[in-house]
Amino acid sequence: MRDGQGAVPVTQVLIADQIAHIVEHLEKLADFSDMVQVCGIAREPTEVVDEARTRQPDVVLLGPGIAGADAHELAAQLHEVAPDARILSMLSNGNGSSPDNGVTRVAQSISAPELVAAIRRAAAPHDTVVEPGATAAERSVAELDAIAATRGSAVAPAAAAAPAAPPAPHIDAVDAPPDAAPPAPPPVAAPDPIHEVVPRQPRTPGQVRGEVFVVHSGKGGVGKSVLASNLAVALAVETNSKVALLDLDLQHGDAGVMLHIDAHPDTMEEFITATVDQESLHRVLATGPGGVRVLLAPNTPDKAESISRTTVRSILQELRTRYDHIVVDTPAHLDAVVLDTIQSADALLLVTTFNVTTVKSARSTLRLLRTLGVDSGRILLILNQMRPRMSVARTEIEEVLRFRMLTQLSYDPHVDDAVDTGRPMVLNHPRSPLSRELIDIVRYLVPAVSRPDAPAPVEGSDRPHALALRRFALSRRWLRMNS
Ligand SMILES: Nc1ncnc2c1ncn2[C@@H]1O[C@H](COP(=O)(O)OP(=O)(O)OP(=O)(O)O)[C@@H](O)[C@H]1O
Ligand SMILES: [Mg+2]
């Protein structure tokens, strides 16, 4: 255990499991980060051993998803590479291991405080008896045990709330005798049903209020700005409607770079002093590819906090009266301005990737949005940077998040170049899988019947897409003429 910032030493844990379970464990530990920190994750036995060697954790948590792993054998290898690490195992094949293999078993259904207590106890077994004058760390273990006790016995006899274990490894000490009937598994609550994608309601004819589509993720670098800028252009070109892009990444906005309009002199900074009205907006907005009007973020990060929530509300209100669709790019954190905008948005495109921390972040964001009362029907999950061979299936992530993806966006090596040159993928590579997937998002967001010049659908034909490609070609010509 290493000393944390306060008096309580922080236990460093290495988690080895499938992605779905890793996210669960991270979530359980999230509220106890002052006591337990995850110093590494691994998805298979060889990775666990390598990670343990590098990170020298206090505790290794072997989850049930380490398929094919033998707890006894893995423990022996871990002892060799990280002799001080204690092992908590959720593997079911630990029975019969010798008492000195250093493994304490815990149940899969272990609750959050029980898991924390188990980790703390494994790391410091002698701390389990609380005497007057006990250290903060000792008390915290006892307190967590008390919390666990109030939750019933969701943990197996081998688990956290068991009496103090001797420092020596003791998997057998917690196993039932061979002839005893196996304990009944604890009741496991049925998971929430997976939220399915619901069809979007077409705009009512004559609707004057523009629709706001917010793009967000709690993680940086996942592709929010790539999606937001391409979506804005694709919306303008595909639906032939008036589109604005609002860059709410007030400190580090990229919309100007992504659309090659970063030389435009006016930004949202104007509205620190000026009143937001149609006239001032028209003056401040830049014009990007496809005719998208863009409100750029301030030029310097220090101006960000001068942009108030009220100002952003007024900006959106004005934009809604003049534009059919307003795409909003956001930073990787949720602040008051972003939350406010999300709450009033018509759709929130929540971006995630296959990265475990991004999935975890998406899960926290979904939970937070639920707590905030945001209707799940307005949330659209997008899986970005999909490559042909991923170690994790899309459905696995959907199970973790209990949310179906609207779509996935392919990884495309041309994106870097598109970002560097400020020429959106949907214009520069309109036939690429990524551009077609972006168009699919547009088709979902703006069903054909909602479009100003929607042609009558021809059954069985690919007419809308053909039209879109023609428009892209025109736009490319437009770009060339204007560059
Ligand atoms: N579909 C994709 N295919 C290939 N690369 C991608 C894709 N999406 C995003 N990227 C890569 O990720 C980088 C970061 O994307 P982007 O700037 O959109 O992320 P972000 O979520 O907006 O980050 P930040 O929170 O820092 O603003 C891009 O410059 C590009 O290299
Ligand atoms: Mg960004």
# chains A, B, ... in the order shown; residues from 1 in each chain; ligands from 1

call {"tool": "residues_around", "arguments": {"residues": "A:Thr330", "least_positions_apart": "3", "cutoff": "8 Å", "atoms": "only C-alpha atoms", "output": "PyMOL selection string"}}
result
chain A and resi 214-216+224-225+247-249+338

call {"tool": "write_last_selection", "arguments": {"atoms": "N, CA and C atoms", "output": "PDB file, in the first residue's frame"}}
result
ATOM      1  N   VAL A 214     -26.643  17.591 -29.771  1.00  0.00           N
ATOM      2  CA  VAL A 214     -25.400  17.775 -29.007  1.00  0.00           C
ATOM      3  C   VAL A 214     -24.524  16.532 -29.134  1.00  0.00           C
ATOM      4  N   VAL A 215     -23.231  16.743 -29.376  1.00  0.00           N
ATOM      5  CA  VAL A 215     -22.288  15.621 -29.455  1.00  0.00           C
ATOM      6  C   VAL A 215     -21.423  15.658 -28.200  1.00  0.00           C
ATOM      7  N   HIS A 216     -21.406  14.547 -27.466  1.00  0.00           N
ATOM      8  CA  HIS A 216     -20.649  14.555 -26.206  1.00  0.00           C
ATOM      9  C   HIS A 216     -20.004  13.206 -25.917  1.00  0.00           C
ATOM     10  N   LYS A 224     -15.392  13.411 -30.882  1.00  0.00           N
ATOM     11  CA  LYS A 224     -16.561  14.309 -30.784  1.00  0.00           C
ATOM     12  C   LYS A 224     -16.521  15.380 -31.873  1.00  0.00           C
ATOM     13  N   SER A 225     -15.360  16.029 -31.998  1.00  0.00           N
ATOM     14  CA  SER A 225     -15.286  17.144 -32.951  1.00  0.00           C
ATOM     15  C   SER A 225     -15.305  16.646 -34.387  1.00  0.00           C
ATOM     16  N   ASP A 247     -19.630  25.673 -31.258  1.00  0.00           N
ATOM     17  CA  ASP A 247     -18.493  25.020 -30.593  1.00  0.00           C
ATOM     18  C   ASP A 247     -18.508  25.379 -29.108  1.00  0.00           C
ATOM     19  N   LEU A 248     -19.040  24.442 -28.311  1.00  0.00           N
ATOM     20  CA  LEU A 248     -19.112  24.693 -26.867  1.00  0.00           C
ATOM     21  C   LEU A 248     -17.895  24.149 -26.118  1.00  0.00           C
ATOM     22  N   ASP A 249     -16.886  23.716 -26.844  1.00  0.00           N
ATOM     23  CA  ASP A 249     -15.629  23.389 -26.173  1.00  0.00           C
ATOM     24  C   ASP A 249     -14.921  24.731 -25.981  1.00  0.00           C
ATOM     25  N   VAL A 338     -22.698  22.887 -20.525  1.00  0.00           N
ATOM     26  CA  VAL A 338     -22.930  21.670 -21.326  1.00  0.00           C
ATOM     27  C   VAL A 338     -24.178  20.937 -20.822  1.00  0.00           C
TER      28      VAL A 338
END

call {"tool": "residues_around", "arguments": {"residues": "A:Val243", "least_positions_apart": "4", "cutoff": "6 Å", "atoms": "only C-alpha atoms", "output": "compact mmCIF listing (two decimals) with C-alpha atoms, in the first residue's frame"}}
result
# COMPACT_ATOMS: atom_id res chain seq x y z
CA ALA A 236 -26.53 20.71 -44.64
CA VAL A 292 -22.66 25.58 -42.47
CA TYR A 323 -31.55 27.38 -38.56
CA ASP A 324 -33.18 24.01 -39.12
CA HIS A 325 -30.46 22.09 -37.32
CA ILE A 326 -27.89 23.17 -34.76

call {"tool": "residues_around", "arguments": {"residues": "A:Lys219", "least_positions_apart": "4", "cutoff": "12 Å", "atoms": "only C-alpha atoms", "output": "PyMOL selection string"}}
result
chain A and resi 215+223-225+330-334+350-353+355-365

call {"tool": "select_by_dssp", "arguments": {"residues": "stretch 214-294 of chain A", "states": "alpha helix (DSSP H)", "output": "VMD selection string"}}
result
chain A and resid 224 to 239 255 to 258 270 to 273 278 to 284

call {"tool": "write_last_selection", "arguments": {"atoms": "N, CA and C atoms", "output": "JSON list (two decimals), in the first residue's frame"}}
result
[["chain", "number", "residue", "atom", "x", "y", "z"],
["A", 224, "LYS", "N", -15.39, 13.41, -30.88],
["A", 224, "LYS", "CA", -16.56, 14.31, -30.78],
["A", 224, "LYS", "C", -16.52, 15.38, -31.87],
["A", 225, "SER", "N", -15.36, 16.03, -32.00],
["A", 225, "SER", "CA", -15.29, 17.14, -32.95],
["A", 225, "SER", "C", -15.30, 16.65, -34.39],
["A", 226, "VAL", "N", -14.69, 15.49, -34.65],
["A", 226, "VAL", "CA", -14.76, 14.90, -35.99],
["A", 226, "VAL", "C", -16.21, 14.63, -36.33],
["A", 227, "LEU", "N", -16.94, 14.04, -35.39],
["A", 227, "LEU", "CA", -18.35, 13.73, -35.64],
["A", 227, "LEU", "C", -19.17, 15.01, -35.79],
["A", 228, "ALA", "N", -18.99, 15.96, -34.85],
["A", 228, "ALA", "CA", -19.81, 17.17, -34.88],
["A", 228, "ALA", "C", -19.60, 17.94, -36.18],
["A", 229, "SER", "N", -18.35, 18.13, -36.60],
["A", 229, "SER", "CA", -18.11, 18.93, -37.80],
["A", 229, "SER", "C", -18.61, 18.21, -39.05],
["A", 230, "ASN", "N", -18.37, 16.91, -39.15],
["A", 230, "ASN", "CA", -18.85, 16.15, -40.31],
["A", 230, "ASN", "C", -20.36, 16.06, -40.34],
["A", 231, "LEU", "N", -20.94, 15.91, -39.15],
["A", 231, "LEU", "CA", -22.40, 15.80, -39.08],
["A", 231, "LEU", "C", -23.05, 17.10, -39.55],
["A", 232, "ALA", "N", -22.48, 18.22, -39.11],
["A", 232, "ALA", "CA", -23.05, 19.51, -39.51],
["A", 232, "ALA", "C", -23.02, 19.65, -41.03],
["A", 233, "VAL", "N", -21.88, 19.33, -41.62],
["A", 233, "VAL", "CA", -21.76, 19.46, -43.08],
["A", 233, "VAL", "C", -22.68, 18.46, -43.78],
["A", 234, "ALA", "N", -22.70, 17.23, -43.27],
["A", 234, "ALA", "CA", -23.55, 16.20, -43.89],
["A", 234, "ALA", "C", -25.02, 16.59, -43.80],
["A", 235, "LEU", "N", -25.42, 17.15, -42.67],
["A", 235, "LEU", "CA", -26.82, 17.58, -42.51],
["A", 235, "LEU", "C", -27.16, 18.64, -43.55],
["A", 236, "ALA", "N", -26.26, 19.61, -43.70],
["A", 236, "ALA", "CA", -26.53, 20.71, -44.64],
["A", 236, "ALA", "C", -26.65, 20.17, -46.06],
["A", 237, "VAL", "N", -25.73, 19.27, -46.42],
["A", 237, "VAL", "CA", -25.69, 18.81, -47.80],
["A", 237, "VAL", "C", -26.77, 17.77, -48.08],
["A", 238, "GLU", "N", -26.94, 16.86, -47.16],
["A", 238, "GLU", "CA", -27.89, 15.76, -47.38],
["A", 238, "GLU", "C", -29.34, 16.22, -47.31],
["A", 239, "THR", "N", -29.63, 17.16, -46.39],
["A", 239, "THR", "CA", -31.03, 17.54, -46.22],
["A", 239, "THR", "C", -31.35, 18.90, -46.83],
["A", 255, "ALA", "N", -13.51, 23.40, -33.86],
["A", 255, "ALA", "CA", -14.38, 23.49, -35.05],
["A", 255, "ALA", "C", -13.74, 24.33, -36.15],
["A", 256, "GLY", "N", -13.08, 25.41, -35.77],
["A", 256, "GLY", "CA", -12.45, 26.28, -36.76],
["A", 256, "GLY", "C", -11.40, 25.54, -37.58],
["A", 257, "VAL", "N", -10.57, 24.75, -36.89],
["A", 257, "VAL", "CA", -9.51, 23.98, -37.56],
["A", 257, "VAL", "C", -10.14, 22.89, -38.43],
["A", 258, "MET", "N", -11.11, 22.19, -37.86],
["A", 258, "MET", "CA", -11.72, 21.05, -38.56],
["A", 258, "MET", "C", -12.39, 21.49, -39.86],
["A", 270, "GLU", "N", -17.29, 37.69, -28.60],
["A", 270, "GLU", "CA", -18.10, 38.89, -28.87],
["A", 270, "GLU", "C", -19.22, 39.02, -27.86],
["A", 271, "PHE", "N", -19.77, 37.88, -27.47],
["A", 271, "PHE", "CA", -20.98, 37.93, -26.64],
["A", 271, "PHE", "C", -20.68, 38.07, -25.14],
["A", 272, "ILE", "N", -19.40, 38.27, -24.85],
["A", 272, "ILE", "CA", -19.08, 38.59, -23.45],
["A", 272, "ILE", "C", -19.60, 40.01, -23.18],
["A", 273, "THR", "N", -19.53, 40.83, -24.23],
["A", 273, "THR", "CA", -20.01, 42.21, -24.07],
["A", 273, "THR", "C", -21.28, 42.48, -24.89],
["A", 278, "GLN", "N", -30.12, 38.52, -33.66],
["A", 278, "GLN", "CA", -29.89, 38.01, -35.02],
["A", 278, "GLN", "C", -28.80, 38.77, -35.75],
["A", 279, "GLU", "N", -28.79, 40.06, -35.54],
["A", 279, "GLU", "CA", -27.83, 40.88, -36.27],
["A", 279, "GLU", "C", -26.40, 40.56, -35.83],
["A", 280, "SER", "N", -26.20, 40.53, -34.51],
["A", 280, "SER", "CA", -24.83, 40.27, -34.02],
["A", 280, "SER", "C", -24.41, 38.84, -34.37],
["A", 281, "LEU", "N", -25.35, 37.91, -34.29],
["A", 281, "LEU", "CA", -25.03, 36.52, -34.63],
["A", 281, "LEU", "C", -24.59, 36.41, -36.09],
["A", 282, "HIS", "N", -25.34, 37.03, -36.96],
["A", 282, "HIS", "CA", -25.05, 36.97, -38.38],
["A", 282, "HIS", "C", -23.64, 37.49, -38.66],
["A", 283, "ARG", "N", -23.26, 38.51, -37.92],
["A", 283, "ARG", "CA", -21.94, 39.13, -38.10],
["A", 283, "ARG", "C", -20.83, 38.21, -37.58],
["A", 284, "VAL", "N", -21.10, 37.52, -36.47],
["A", 284, "VAL", "CA", -20.05, 36.75, -35.80],
["A", 284, "VAL", "C", -19.86, 35.35, -36.41]]

call {"tool": "atom_distance", "arguments": {"atom1": "atom 12 (O, counted along the ligand's line) of ligand 1", "atom2": "atom CA of A:Val222"}}
result
5.6 Å
